Every structure is written in structure tokens, then in C-alpha cells.
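Dropping structure_22.cif in here (mmCIF, C-alpha atoms and all ligand atoms):
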```
data_final
#
loop_
_atom_site.label_atom_id
_atom_site.label_comp_id
_atom_site.auth_asym_id
_atom_site.auth_seq_id
_atom_site.Cartn_x
_atom_site.Cartn_y
_atom_site.Cartn_z
CA MET A 1 14.53 -2.53 20.86
CA ILE A 2 15.04 -1.06 17.38
CA ARG A 3 11.55 -1.22 15.92
CA LEU A 4 10.57 -1.76 12.28
CA THR A 5 8.74 1.54 12.45
CA ILE A 6 7.57 4.11 14.97
CA PRO A 7 4.75 6.46 13.95
CA GLU A 8 5.59 10.12 14.36
CA ILE A 9 2.71 12.04 15.90
CA GLY A 10 4.02 15.53 16.71
CA GLU A 11 2.78 18.00 19.29
CA GLU A 12 0.98 20.00 16.61
CA ALA A 13 -1.03 16.95 15.50
CA ILE A 14 -1.92 16.06 19.08
CA GLN A 15 -3.14 19.61 19.79
CA ALA A 16 -5.18 19.64 16.57
CA ALA A 17 -6.86 16.34 17.53
CA GLU A 18 -7.47 17.67 21.06
CA ARG A 19 -9.21 20.77 19.68
CA VAL A 20 -11.58 18.54 17.70
CA LEU A 21 -12.23 16.26 20.69
CA LYS A 22 -13.20 19.30 22.78
CA SER A 23 -15.32 20.88 20.03
CA GLY A 24 -18.26 18.47 20.27
CA TYR A 25 -18.08 17.55 16.55
CA LEU A 26 -16.31 14.24 16.15
CA VAL A 27 -17.20 12.49 12.90
CA GLN A 28 -16.67 13.47 9.27
CA GLY A 29 -16.86 17.26 9.16
CA LYS A 30 -14.68 20.34 8.60
CA GLU A 31 -11.33 18.66 9.29
CA VAL A 32 -12.14 15.82 6.89
CA ALA A 33 -13.14 18.33 4.19
CA ALA A 34 -9.94 20.36 4.73
CA PHE A 35 -7.68 17.27 4.69
CA GLU A 36 -9.38 16.08 1.49
CA GLU A 37 -8.60 19.40 -0.20
CA GLU A 38 -5.01 19.41 1.02
CA LEU A 39 -4.45 15.85 -0.19
CA ALA A 40 -5.99 16.65 -3.60
CA SER A 41 -3.67 19.62 -3.94
CA TYR A 42 -0.63 17.57 -2.82
CA LEU A 43 -1.46 14.80 -5.31
CA GLY A 44 -2.56 17.12 -8.12
CA CYS A 45 -5.98 15.51 -8.61
CA SER A 46 -9.57 16.83 -8.59
CA HIS A 47 -11.15 14.77 -5.80
CA VAL A 48 -10.06 13.01 -2.63
CA ILE A 49 -12.53 10.97 -0.57
CA LEU A 50 -11.34 10.10 2.94
CA VAL A 51 -12.44 6.74 4.34
CA SER A 52 -11.89 4.62 7.45
CA SER A 53 -9.00 2.46 6.14
CA GLY A 54 -6.96 1.53 3.09
CA THR A 55 -9.06 -1.62 2.81
CA ALA A 56 -12.27 0.47 2.79
CA ALA A 57 -10.69 2.57 0.01
CA LEU A 58 -10.02 -0.54 -2.11
CA HIS A 59 -13.46 -2.03 -1.45
CA LEU A 60 -15.32 1.20 -2.32
CA SER A 61 -13.21 1.74 -5.46
CA LEU A 62 -14.20 -1.67 -6.81
CA LEU A 63 -17.88 -1.10 -5.95
CA GLY A 64 -17.80 2.44 -7.34
CA LEU A 65 -16.46 1.11 -10.65
CA GLY A 66 -19.23 -1.49 -10.77
CA ILE A 67 -17.02 -4.55 -10.29
CA GLY A 68 -18.65 -7.70 -8.88
CA LYS A 69 -19.87 -11.19 -9.72
CA GLY A 70 -18.95 -12.32 -13.24
CA ASP A 71 -15.87 -10.08 -13.35
CA ALA A 72 -12.18 -10.78 -12.86
CA VAL A 73 -9.53 -8.35 -11.64
CA ILE A 74 -5.77 -8.71 -12.11
CA VAL A 75 -4.02 -8.54 -8.72
CA PRO A 76 -0.31 -8.93 -7.89
CA ASP A 77 0.51 -12.25 -6.24
CA PHE A 78 2.91 -10.44 -3.90
CA THR A 79 1.04 -7.93 -1.71
CA PHE A 80 -0.78 -7.47 1.58
CA PRO A 81 -3.79 -9.84 1.44
CA ALA A 82 -6.32 -6.95 1.61
CA THR A 83 -5.70 -6.25 -2.10
CA ALA A 84 -6.95 -9.69 -3.18
CA ASN A 85 -9.51 -9.94 -0.34
CA CYS A 86 -11.35 -6.83 -1.53
CA VAL A 87 -11.71 -8.26 -5.04
CA GLU A 88 -12.91 -11.60 -3.62
CA ILE A 89 -15.42 -9.89 -1.30
CA THR A 90 -17.14 -8.09 -4.21
CA GLY A 91 -17.75 -11.52 -5.82
CA ALA A 92 -15.19 -10.95 -8.56
CA VAL A 93 -12.28 -13.34 -9.18
CA PRO A 94 -8.73 -12.16 -8.42
CA LEU A 95 -6.36 -13.13 -11.27
CA LEU A 96 -2.98 -13.44 -9.64
CA CYS A 97 -0.09 -11.93 -11.55
CA ASP A 98 3.57 -12.58 -10.71
CA VAL A 99 5.80 -9.60 -9.95
CA ASP A 100 9.13 -8.21 -11.09
CA PRO A 101 12.07 -9.41 -8.91
CA ALA A 102 13.73 -5.97 -8.85
CA THR A 103 10.74 -3.73 -8.02
CA TYR A 104 8.34 -6.30 -6.42
CA CYS A 105 5.59 -4.72 -8.57
CA ILE A 106 3.63 -6.05 -11.54
CA THR A 107 4.66 -5.01 -15.06
CA ALA A 108 2.83 -4.54 -18.37
CA GLU A 109 4.40 -7.80 -19.69
CA GLY A 110 3.23 -9.74 -16.64
CA ILE A 111 -0.27 -8.31 -17.05
CA VAL A 112 -0.44 -9.26 -20.74
CA SER A 113 0.71 -12.83 -20.04
CA THR A 114 -1.86 -13.12 -17.20
CA ILE A 115 -4.59 -12.01 -19.63
CA LYS A 116 -3.45 -14.59 -22.20
CA ARG A 117 -3.35 -17.38 -19.63
CA TRP A 118 -6.88 -16.79 -18.32
CA ARG A 119 -9.35 -19.55 -19.28
CA GLY A 120 -12.16 -18.77 -16.82
CA MET A 121 -15.72 -17.62 -17.64
CA GLU A 122 -15.34 -14.29 -15.84
CA ARG A 123 -14.63 -11.18 -17.88
CA ILE A 124 -11.44 -9.34 -16.99
CA LYS A 125 -12.51 -5.81 -16.06
CA ALA A 126 -9.68 -4.14 -14.20
CA ILE A 127 -6.09 -4.20 -12.99
CA MET A 128 -5.26 -3.53 -9.36
CA VAL A 129 -1.70 -2.18 -9.40
CA VAL A 130 0.13 -2.29 -6.07
CA HIS A 131 3.04 0.11 -5.59
CA GLU A 132 4.72 -2.31 -3.21
CA PHE A 133 6.55 -0.77 -0.25
CA GLY A 134 6.30 2.67 -1.91
CA CYS A 135 7.98 1.71 -5.19
CA PRO A 136 6.20 3.25 -8.17
CA ALA A 137 5.11 0.61 -10.70
CA ALA A 138 5.85 1.53 -14.35
CA MET A 139 2.51 3.27 -14.83
CA ASP A 140 2.93 4.59 -18.39
CA THR A 141 3.34 1.10 -19.85
CA ILE A 142 0.72 -0.41 -17.52
CA VAL A 143 -1.87 2.22 -18.50
CA ASP A 144 -1.07 1.59 -22.20
CA ALA A 145 -1.55 -2.17 -21.75
CA ALA A 146 -4.82 -1.54 -19.88
CA GLU A 147 -6.12 0.68 -22.68
CA GLN A 148 -5.22 -1.89 -25.32
CA HIS A 149 -7.21 -4.53 -23.47
CA GLY A 150 -10.09 -2.25 -22.42
CA LEU A 151 -9.35 -2.57 -18.70
CA MET A 152 -9.78 -0.09 -15.87
CA VAL A 153 -6.83 0.63 -13.57
CA ILE A 154 -7.14 0.91 -9.78
CA GLU A 155 -3.97 1.82 -7.90
CA ASP A 156 -3.35 0.29 -4.49
CA ALA A 157 -1.04 3.07 -3.35
CA ALA A 158 -1.53 2.15 0.34
CA CYS A 159 2.26 2.33 0.86
CA ALA A 160 2.99 4.99 -1.71
CA LEU A 161 1.73 8.42 -0.65
CA GLY A 162 4.17 10.91 -2.19
CA ALA A 163 5.68 8.46 -4.70
CA HIS A 164 5.82 9.53 -8.34
CA TRP A 165 6.41 8.11 -11.80
CA GLY A 166 7.09 10.13 -14.92
CA GLY A 167 6.50 13.45 -13.17
CA ARG A 168 3.07 12.43 -11.95
CA LYS A 169 2.06 11.38 -8.44
CA ILE A 170 1.29 7.72 -7.82
CA GLY A 171 -2.43 7.28 -7.18
CA THR A 172 -3.41 9.67 -9.99
CA TRP A 173 -2.58 7.45 -12.99
CA GLY A 174 -5.57 5.12 -12.92
CA CYS A 175 -9.36 5.57 -12.58
CA CYS A 176 -8.64 6.00 -8.89
CA GLY A 177 -5.85 5.55 -6.34
CA CYS A 178 -6.19 4.14 -2.82
CA PHE A 179 -4.10 5.17 0.18
CA SER A 180 -3.78 3.89 3.76
CA PHE A 181 -3.03 5.82 6.94
CA HIS A 182 -2.41 2.74 9.12
CA PRO A 183 0.47 3.18 11.64
CA ARG A 184 2.71 0.98 9.44
CA LYS A 185 2.53 3.68 6.73
CA THR A 186 4.54 6.91 6.66
CA LEU A 187 1.58 9.22 7.40
CA THR A 188 -0.85 7.81 9.96
CA THR A 189 -4.21 8.67 11.49
CA GLY A 190 -4.38 5.41 13.49
CA GLU A 191 -6.74 3.85 11.01
CA GLY A 192 -7.69 5.72 7.85
CA GLY A 193 -7.57 5.78 4.10
CA ALA A 194 -8.27 7.88 1.02
CA ILE A 195 -9.31 7.55 -2.60
CA ALA A 196 -8.02 9.97 -5.24
CA THR A 197 -9.77 10.44 -8.58
CA ASP A 198 -10.32 12.95 -11.39
CA ASP A 199 -13.72 11.43 -12.23
CA ALA A 200 -16.47 13.58 -10.72
CA ASP A 201 -19.21 10.94 -11.15
CA LEU A 202 -17.09 8.26 -9.49
CA ALA A 203 -16.24 10.70 -6.67
CA GLY A 204 -19.97 11.29 -6.10
CA ARG A 205 -20.72 7.56 -5.92
CA LEU A 206 -17.80 7.00 -3.55
CA ARG A 207 -19.02 9.80 -1.25
CA SER A 208 -22.47 8.18 -1.09
CA LEU A 209 -21.12 4.66 -0.62
CA ARG A 210 -18.95 5.70 2.32
CA ASN A 211 -21.91 7.36 4.06
CA HIS A 212 -24.87 4.92 4.09
CA GLY A 213 -25.68 5.61 0.44
CA ILE A 214 -26.67 9.20 1.17
CA ALA A 215 -26.47 11.82 -1.59
CA GLN A 216 -27.39 15.48 -1.61
CA ALA A 217 -30.30 16.08 -3.95
CA GLU A 218 -32.10 19.43 -4.21
CA GLY A 219 -30.45 20.58 -1.01
CA GLU A 220 -31.51 17.60 1.10
CA ASN A 221 -29.99 14.27 2.11
CA ARG A 222 -31.48 11.27 0.34
CA PHE A 223 -30.74 7.58 0.65
CA VAL A 224 -30.08 6.86 -3.02
CA MET A 225 -28.39 3.45 -2.71
CA PRO A 226 -27.40 0.90 -0.07
CA GLY A 227 -24.09 2.10 1.36
CA TYR A 228 -21.56 1.53 4.13
CA ASN A 229 -20.29 3.53 7.04
CA TYR A 230 -16.67 3.93 5.94
CA ARG A 231 -16.28 7.51 7.24
CA LEU A 232 -13.14 8.92 8.85
CA THR A 233 -13.54 10.91 12.07
CA ASP A 234 -12.65 14.60 12.28
CA PHE A 235 -10.03 14.00 15.00
CA GLN A 236 -8.26 11.49 12.75
CA ALA A 237 -8.23 13.99 9.88
CA ALA A 238 -6.84 16.60 12.30
CA LEU A 239 -3.97 14.21 13.12
CA GLY A 240 -3.19 13.77 9.44
CA ARG A 241 -3.12 17.40 8.29
CA PRO A 242 0.09 18.55 10.07
CA GLN A 243 1.82 15.32 8.97
CA LEU A 244 1.12 16.09 5.32
CA CYS A 245 3.12 19.32 5.70
CA ARG A 246 6.13 17.26 6.80
CA LEU A 247 5.72 14.32 4.44
CA ASN A 248 8.27 15.35 1.79
CA GLU A 249 10.90 15.97 4.45
CA TRP A 250 10.18 12.51 5.96
CA ILE A 251 10.46 10.85 2.54
CA GLU A 252 13.85 12.53 1.98
CA ARG A 253 15.08 11.21 5.32
CA ARG A 254 13.88 7.66 4.49
CA MET A 255 15.69 7.83 1.15
CA GLU A 256 18.86 8.89 2.92
CA LEU A 257 18.63 6.08 5.53
CA HIS A 258 17.95 3.50 2.83
CA THR A 259 21.16 4.60 1.07
CA ILE A 260 23.11 4.11 4.31
CA TYR A 261 21.77 0.53 4.47
CA ARG A 262 22.99 -0.01 0.90
CA GLN A 263 26.46 1.32 1.73
CA ASN A 264 26.78 -0.75 4.92
CA LEU A 265 25.63 -3.98 3.30
CA HIS A 266 27.56 -3.51 0.08
CA GLY A 267 29.55 -6.63 -0.85
CA THR A 268 27.42 -8.95 1.35
CA ALA A 269 25.00 -11.63 0.06
CA ILE A 270 22.03 -9.32 0.81
CA GLU A 271 20.17 -8.22 -2.33
CA PHE A 272 18.49 -4.84 -2.52
CA PRO A 273 15.47 -3.89 -4.64
CA ALA A 274 15.95 -1.49 -7.55
CA ASP A 275 16.52 2.13 -6.52
CA ILE A 276 13.70 3.57 -8.66
CA PRO A 277 13.34 7.39 -8.80
CA GLY A 278 10.10 8.37 -7.05
CA HIS A 279 10.31 5.48 -4.52
CA VAL A 280 9.23 6.61 -1.02
CA TRP A 281 10.64 3.65 0.97
CA GLN A 282 7.62 2.98 3.18
CA THR A 283 9.35 -0.39 3.76
CA LEU A 284 12.86 -1.56 2.94
CA MET A 285 12.62 -5.26 2.11
CA VAL A 286 15.89 -6.93 1.13
CA LEU A 287 16.43 -10.55 0.02
CA VAL A 288 18.53 -13.01 1.96
CA PRO A 289 20.13 -15.88 -0.02
CA GLN A 290 18.30 -19.19 -0.18
CA SER A 291 21.00 -20.87 1.90
CA ILE A 292 19.84 -18.79 4.88
CA SER A 293 16.52 -19.25 6.70
CA ARG A 294 14.82 -15.86 6.82
CA ASP A 295 12.68 -16.90 9.81
CA ALA A 296 15.73 -18.03 11.81
CA LEU A 297 17.42 -14.73 10.96
CA VAL A 298 14.40 -12.77 12.24
CA GLU A 299 14.67 -14.68 15.55
CA LYS A 300 18.41 -14.02 15.85
CA MET A 301 17.90 -10.32 15.13
CA ARG A 302 15.20 -10.27 17.81
CA SER A 303 17.70 -11.70 20.29
CA SER A 304 19.83 -8.60 19.56
CA ARG A 305 16.75 -6.45 20.24
CA ILE A 306 16.25 -5.59 16.58
CA GLU A 307 12.81 -6.02 15.03
CA THR A 308 12.76 -7.31 11.44
CA GLY A 309 10.01 -9.17 9.61
CA ILE A 310 8.58 -10.61 6.45
CA GLY A 311 7.85 -8.22 3.59
CA ALA A 312 4.50 -9.12 2.06
CA HIS A 313 2.49 -12.27 1.40
CA CYS A 314 2.29 -14.51 -1.58
CA ILE A 315 -1.47 -14.66 -2.19
CA HIS A 316 -1.60 -18.02 -3.98
CA GLY A 317 0.05 -19.63 -0.96
CA LEU A 318 -2.63 -18.47 1.52
CA GLN A 319 -4.88 -21.42 2.42
CA TYR A 320 -8.12 -19.77 1.28
CA TYR A 321 -6.77 -18.85 -2.16
CA LYS A 322 -5.01 -22.21 -2.58
CA ASP A 323 -8.32 -23.99 -1.89
CA THR A 324 -10.50 -21.63 -3.95
CA TYR A 325 -8.23 -21.27 -6.99
CA PRO A 326 -6.10 -24.46 -7.18
CA ASP A 327 -5.32 -23.92 -10.89
CA GLN A 328 -3.89 -20.47 -10.23
CA ALA A 329 -1.90 -21.80 -7.25
CA GLU A 330 -0.47 -24.57 -9.45
CA GLU A 331 0.59 -22.11 -12.17
CA LEU A 332 2.32 -19.84 -9.66
CA LYS A 333 4.13 -22.65 -7.81
CA GLU A 334 7.60 -21.45 -8.80
CA SER A 335 6.77 -17.78 -8.87
CA ILE A 336 8.98 -14.84 -8.00
CA SER A 337 6.32 -13.84 -5.47
CA HIS A 338 6.90 -17.09 -3.56
CA TYR A 339 10.64 -16.41 -3.46
CA LEU A 340 10.06 -12.84 -2.24
CA PHE A 341 7.68 -14.16 0.43
CA THR A 342 10.16 -16.72 1.80
CA GLN A 343 13.45 -14.79 1.44
CA GLY A 344 12.25 -11.19 1.91
CA LEU A 345 13.40 -9.44 5.09
CA ALA A 346 11.93 -6.08 6.12
CA LEU A 347 14.45 -3.90 7.96
CA PRO A 348 13.76 -1.07 10.42
CA LEU A 349 13.12 2.14 8.48
CA TYR A 350 11.38 5.29 9.59
CA GLN A 351 12.28 8.96 9.58
CA GLY A 352 13.13 8.99 13.31
CA LEU A 353 15.70 6.16 12.99
CA SER A 354 19.32 7.23 13.59
CA LYS A 355 22.26 6.46 11.32
CA GLU A 356 23.92 4.70 14.27
CA ASP A 357 20.90 2.39 14.58
CA VAL A 358 21.11 1.58 10.86
CA LYS A 359 24.76 0.62 11.40
CA ARG A 360 23.80 -1.54 14.41
CA VAL A 361 21.20 -3.37 12.30
CA CYS A 362 23.73 -3.97 9.52
CA THR A 363 26.46 -5.20 11.88
CA ALA A 364 24.05 -7.69 13.50
CA LEU A 365 22.82 -8.87 10.08
CA ILE A 366 26.34 -9.48 8.80
CA ARG A 367 27.25 -11.36 11.98
CA TYR A 368 24.15 -13.62 11.90
CA MET A 369 24.52 -14.39 8.21
CA GLN A 370 27.95 -15.95 8.68
C1 LIG B 1 -1.55 -1.45 4.33
C2 LIG B 1 -2.01 -1.97 3.04
C3 LIG B 1 -3.38 -2.17 2.77
C4 LIG B 1 -4.45 -2.05 3.83
O1 LIG B 1 -4.56 -0.80 4.42
P1 LIG B 1 -5.36 -0.68 5.82
O2 LIG B 1 -5.40 0.78 6.05
O3 LIG B 1 -4.56 -1.40 6.85
O4 LIG B 1 -6.69 -1.27 5.62
C5 LIG B 1 -3.74 -2.57 1.50
N1 LIG B 1 -2.83 -2.78 0.52
C6 LIG B 1 -1.51 -2.62 0.75
C7 LIG B 1 -0.55 -2.83 -0.37
C8 LIG B 1 -1.06 -2.23 2.02
O5 LIG B 1 0.25 -2.10 2.23
#
```
Would you mind giving the structure from this file in C-alpha cells?
Ligand SMILES: *Cc1c(COP(=O)(O)O)cnc(C)c1O
Amino acid sequence: MIRLTIPEIGEEAIQAAERVLKSGYLVQGKEVAAFEEELASYLGCSHVILVSSGTAALHLSLLGLGIGKGDAVIVPDFTFPATANCVEITGAVPLLCDVDPATYCITAEGIVSTIKRWRGMERIKAIMVVHEFGCPAAMDTIVDAAEQHGLMVIEDAACALGAHWGGRKIGTWGCCGCFSFHPRKTLTTGEGGAIATDDADLAGRLRSLRNHGIAQAEGENRFVMPGYNYRLTDFQAALGRPQLCRLNEWIERRMELHTIYRQNLHGTAIEFPADIPGHVWQTLMVLVPQSISRDALVEKMRSSRIETGIGAHCIHGLQYYKDTYPDQAEELKESISHYLFTQGLALPLYQGLSKEDVKRVCTALIRYMQ
């Protein structure tokens, strides 16, 4: 079976995790602190706070920025549901924004038209920008639009560790940037996540919120607010550290494999996303023409022992969001996000994939599309 992805946990990472497991200190400790520093230096930001998942990173970011009931947050309509779920769980309203057909990300224009369309009572407070599949969203124009409208920017960079836009790492453009280390992402700790920020006060609140609301005051631990247990373990951090050293090399390899897909499928009805500089290709999602059933194609590929899948979800089409926000669902009925959800096909892509396997995938695709 050619898999969509296979996580790469090297011998060095396994030995590092084993050392922690044998040390007697398992939860957030020295390895977490060291990985936080290494990530901050890789990203070029002041603070990194490791947490238990990408979803925990999104949830804490919203809470840390004081978002909750009475607020609204702009969220792309095409994303993994966790992005919208985290907004909903804080009590705020997710304002769904359609995406660009070439990048699958939201744009400044889309954001401005979403703001103009909004008729609800809730005050728009922030924009959650998703760098879908590792593609950097156009952050300079998005940050400008946010400033003009007095909105905060949170980056859902769950798929985009290592991506950059305008010479600056993705995840460091907004108030804070959220990352995931789930096995579907390029760097994985099993479960895990991180928040990057340059704001020292926000970093302090996030550190307390992830650890039962504990803060250091006058050299002692105090429970200063109600918090969560969203900590990462030390053995997970130990797994991540050696992977960070190899990340740029892995990204290069993914870029190269994605180009081979483009070459092999050139001249077919398959549409590729834009090849944006700074894209890290966590996922390669192509579009199959409307005359072809994506789901039937996935089944046929499976019969050739090739795993493919859907790309991301269209939030307004999920039953909960359709029921809770019928007006938004109605407005987005003919959205680009819906098209991407029905015709998007994720292809196998990971650094360990061979060029021969890429060719096999392409040959099968071409055959089944006829
Ligand atoms: C993976 C992902 C998440 C969730 O991350 P977890 O670590 O699985 O909680 C959130 N947003 C996006 C865009 C993702 O791709």
C-alpha cells in the first residue's frame, strides 16, 4: 500500500525518548523547555509555548486573547473542523469566509467582504488565518486589512511549520501562531502542538492556562486563574527535537516530489494549486474535474493499493454548523470551499516517498480518470 503519509521517527529520536522514559521525569520539563527554545530560534520569535495538540494551541490562543461570548472570529470555510470548533467552544461565533481557489487560503478581499456582510450582534474581534496544507496565506495584505478594521490575527499554522511569506516565517505574523505535531503533519510527536508569539504578557497567560492556571509569583507557584492541563510530555518533546534539525531537508524533498507530480500529470484534467514560494507541501491536494466522482476515484485508487483522500472540510456543510448558522450556510451554498471539499483529492506525499511511487500514483490516476 502506498500511504498518504508515513511519519518519520528516526533512531536518534527513539533513543532520545527512551532516555527520558528511563530518567523518571516524564511530563513537561527540561526537554520541553529545550524544544521551546529551539522552535523559537527556528521561527525567529521570542516565545514558544508547547501544548498537547494543535487544537489545544488554537483553544488557548483564543482564551489568551480574551475571546469569548459576544465576540465573532473570521474563520476560513475550508479547513480542518478544529479551527471553527475552537472558536465555537469559547462561546464566540465563527464567521465563515470563502477561500481562494488557487491557494485554498483566505485573502484580504475575502476578509473585507465577510466583515461587510456580517449583520449579527457579536463584535468581530479576530481573524483566524489557516495556512492550508502548508501554503502561506498572503500575510502582509491580511495583516493590513486586520489593522484597518482593528482585528487581532491568530495563525492556524498547524500544517505550516517552516513555511514563509515575505521573508518571515509563517506563525510569526499575527498576535500568535499555532502549530500541530499530529502524525499527519511533517514533524510529529504523536500528539502535540505549539504556540509562537512575540508578546511576553500573552506568553505568560498561555503558560498559566496550559498548566492549571499556575503562575510563578515571588518564587512560588500560585493558582492565579482557572486553567487546563494542556501540557506536552518530556518524551514527546524529545521525539520532536531531532526532527526539527531535519525539517528543512524534509521540506526540500517534499517540494521536489510535488514537482514530479506536476510533471507527470501535466496535460491531464487534474488541476494543481498555485506553486507559492514558501509552501511546505504538508499535503498535496489536487482538483479532479466535476465530471469525475472524487469518492469513486478514491475507491479505485484503493483497489490499486494506493491511499488517497479528501483534502479538508467545508465547515458550513457540517451538520452542526448548518443547523447553528443557517444564514451563513445559505450564503456559502455555492462557495469555492464546497467545490474544494467535493473535488479535492489528497495524494500521497511525504519525504520518504520514492519517485517511482509518485509515478505509480500518477499512472493509476490517469488510468482511472479515463
Ligand atoms: C491538524 C490541524 C489542526 C488540529 O491539530 P491537532 O494537533 O490534530 O489537534 C487544526 N487546524 C488545522 C488546519 C490542521 O490541519
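Across the structure, CA of Phe35 (chain A) and CA of Gln236 (chain A) are spaced 9.9 Å apart.
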How close does chain A get to ligand LIG 1 (chain B)? List, as a tab-separated table, each residue of chain A within 10 Å, its nearest atom pair and the distance in Å to one decimal, counting all atoms listed in the file.
```
residue	atom	partner	partner_atom	distance
A:Val51	CA	B:LIG1	O2	9.4
A:Ser52	CA	B:LIG1	O2	7.7
A:Ser53	CA	B:LIG1	O2	4.0
A:Gly54	CA	B:LIG1	O2	3.4
A:Thr55	CA	B:LIG1	O4	3.7
A:Ala56	CA	B:LIG1	O4	6.5
A:Ala57	CA	B:LIG1	O4	7.9
A:Leu58	CA	B:LIG1	C5	7.5
A:His59	CA	B:LIG1	O4	9.8
A:Pro76	CA	B:LIG1	C7	9.7
A:Phe78	CA	B:LIG1	C7	9.1
A:Thr79	CA	B:LIG1	C7	5.5
A:Phe80	CA	B:LIG1	C6	5.0
A:Pro81	CA	B:LIG1	N1	7.2
A:Ala82	CA	B:LIG1	C5	5.1
A:Thr83	CA	B:LIG1	N1	5.2
A:Ala84	CA	B:LIG1	N1	8.9
A:Asn85	CA	B:LIG1	C5	9.5
A:Cys86	CA	B:LIG1	C5	9.2
A:Val129	CA	B:LIG1	C7	9.1
A:Val130	CA	B:LIG1	C7	5.8
A:His131	CA	B:LIG1	C7	7.0
A:Glu132	CA	B:LIG1	C7	6.0
A:Phe133	CA	B:LIG1	O5	6.9
A:Gly134	CA	B:LIG1	O5	8.7
A:Glu155	CA	B:LIG1	C7	9.5
A:Asp156	CA	B:LIG1	C7	5.9
A:Ala157	CA	B:LIG1	C7	6.6
A:Ala158	CA	B:LIG1	C8	4.7
A:Cys159	CA	B:LIG1	O5	5.1
A:Ala160	CA	B:LIG1	O5	8.6
A:Cys178	CA	B:LIG1	C5	8.3
A:Phe179	CA	B:LIG1	O1	7.3
A:Ser180	CA	B:LIG1	O2	4.2
A:Phe181	CA	B:LIG1	O2	5.6
A:His182	CA	B:LIG1	O2	4.7
A:Pro183	CA	B:LIG1	O3	8.3
A:Arg184	CA	B:LIG1	C1	7.1
A:Lys185	CA	B:LIG1	C1	7.0
A:Thr188	CA	B:LIG1	O2	9.2
A:Thr189	CA	B:LIG1	O2	9.7
A:Gly190	CA	B:LIG1	O2	8.8
A:Glu191	CA	B:LIG1	O2	6.0
A:Gly192	CA	B:LIG1	O2	5.7
A:Gly193	CA	B:LIG1	O2	5.8
A:Ala194	CA	B:LIG1	O2	9.2
A:Gln282	CA	B:LIG1	O5	9.0
A:Thr283	CA	B:LIG1	O5	9.4
A:Gly311	CA	B:LIG1	O5	9.9
A:Ala312	CA	B:LIG1	O5	8.2
```
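Using all atoms listed in the file, the smallest distance between any of A:Asp77, A:Asp201, A:Glu8, A:Glu147 and Lys322 (chain A) comes from A:Asp77.
Our summary of the geometry notes that CA of Ile6 (chain A) is positioned 22.6 Å from CA of Pro273 (chain A).
In this model, the gap between CA of His258 (chain A) and CA of Val280 (chain A) comes to 10.0 Å.
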Checklist entry - List as number ranges by chain: which residues have an atom within 12 Å of (-17.4, 11.2, -6.3), counting all atoms listed in the file? => result A: 46-50, 60-61, 64-65, 175-176, 195-211, 215-216
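For region 252-256 of chain A, the list of residues within 9 Å, based on only C-alpha atoms and with local chain neighbours fewer than 6 positions off taken out, reads A:His279, A:Val280, A:Trp281, A:Gln282, A:Leu349, A:Tyr350, A:Gln351, A:Gly352, A:Leu353.
Those DNA, RNA and protein residues that approach the point (1.9, 12.6, 15.6) to within 10 Å, considering all atoms listed in the file, are A:Pro7, A:Glu8, A:Ile9, A:Gly10, A:Glu11, A:Glu12, A:Ala13, A:Ile14, A:Gln15, A:Ala17, A:Leu187, A:Thr188, A:Thr189, A:Gly190, A:Leu239, A:Gly240, A:Pro242, A:Gln243.
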Only C-alpha atoms, please: the residues just picked out, written as a short mmCIF file (atom, residue, chain, number, x, y, z; two decimals), in the coordinates of the input.
```
data_model
loop_
_atom_site.label_atom_id
_atom_site.label_comp_id
_atom_site.auth_asym_id
_atom_site.auth_seq_id
_atom_site.Cartn_x
_atom_site.Cartn_y
_atom_site.Cartn_z
CA PRO A 7 4.75 6.46 13.95
CA GLU A 8 5.59 10.12 14.36
CA ILE A 9 2.71 12.04 15.90
CA GLY A 10 4.02 15.53 16.71
CA GLU A 11 2.78 18.00 19.29
CA GLU A 12 0.98 20.00 16.61
CA ALA A 13 -1.03 16.95 15.50
CA ILE A 14 -1.92 16.06 19.08
CA GLN A 15 -3.14 19.61 19.79
CA ALA A 17 -6.86 16.34 17.53
CA LEU A 187 1.58 9.22 7.40
CA THR A 188 -0.85 7.81 9.96
CA THR A 189 -4.21 8.67 11.49
CA GLY A 190 -4.38 5.41 13.49
CA LEU A 239 -3.97 14.21 13.12
CA GLY A 240 -3.19 13.77 9.44
CA PRO A 242 0.09 18.55 10.07
CA GLN A 243 1.82 15.32 8.97
#
```
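Counting all atoms listed in the file, the residue from A:Tyr104, A:Lys169, A:Phe235, A:Cys314 that sits nearest to Tyr25 (chain A) is A:Phe235.
Counting all atoms listed in the file, Asp100 (chain A) has the following residues at most 9 Å away, ignoring those fewer than 4 positions along the same chain: Tyr104, Cys105, Ile106, Thr107, Gly110, Ile336 and Ser337 of chain A.
Closest approach to Leu151 (chain A) among A:Ala364, A:Ala163, A:Ile115, A:Ile127: A:Ile127, based on all atoms listed in the file.
Each of A:Gly317, A:Pro326, A:Gly219, A:Gly174 was checked against Asp144 (chain A) using all atoms listed in the file; the smallest atom-to-atom distance is that of A:Gly174.
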